[in-house]
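Enquirer: Please find one structure pasted underneath; my questions will follow.
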Amino acid sequence: MPTRTAAQHRAEASSTYDAYLAECPARQLLDRISDKWVSLAVNALADGPQRYSELQRRLASVSQKMLTQTLRHLERDGLVSRTVTPAVPVRVEYALTPLGCSLLPVMRAIKGWAEEHMDEVNVARAAYDTLD
């Protein structure tokens, strides 16, 4: 058997991902990116690097704990970078990485779809709720 490079091993492994399987890591990633705060944070960061306080204002009603957790998860997954600038007070900015930018069209589409079809969903919900 010929020796394979690390890149070949990675390519082989990635071709076997199937999110329908419970143990597939892609399922965990789908769980992460389907979170509402992840979607909103990625969309908010599309406008460029932002400080934590700017993101918190933009994502109305997100708790400090949830925003911190979301940003840490996004940083761990390589979707967001965190830059600390020494100053008084210390300046911390978050920005989309190239990988995060590649997710942006999908997140924009989902956000846009939700905003565009909310009235229809409300009508369907009301009709469903009267079936009792």
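Identifiers for the structure tokens are assigned positionally: chains receive A, B, ... in sequence, residues are indexed from 1 per chain, and ligands are indexed from 1 in the order shown.
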With a distance cut-off of 12 Å and only C-alpha atoms, select the neighbouring residues of A:Ser53, excluding the residue or stretch itself and same-chain residues fewer than 5 positions from it, and output the selection as a PyMOL selection string.

Expert: chain A and resi 58-60+62-64+67-68+91-94

Enquirer: Smallest atom-to-atom distance to A:Val90: which of A:Val42, A:Val121, A:Tyr52, A:Ala26, using only C-alpha atoms?

Expert: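 Under the stated criterion, the closest residue is A:Tyr52.
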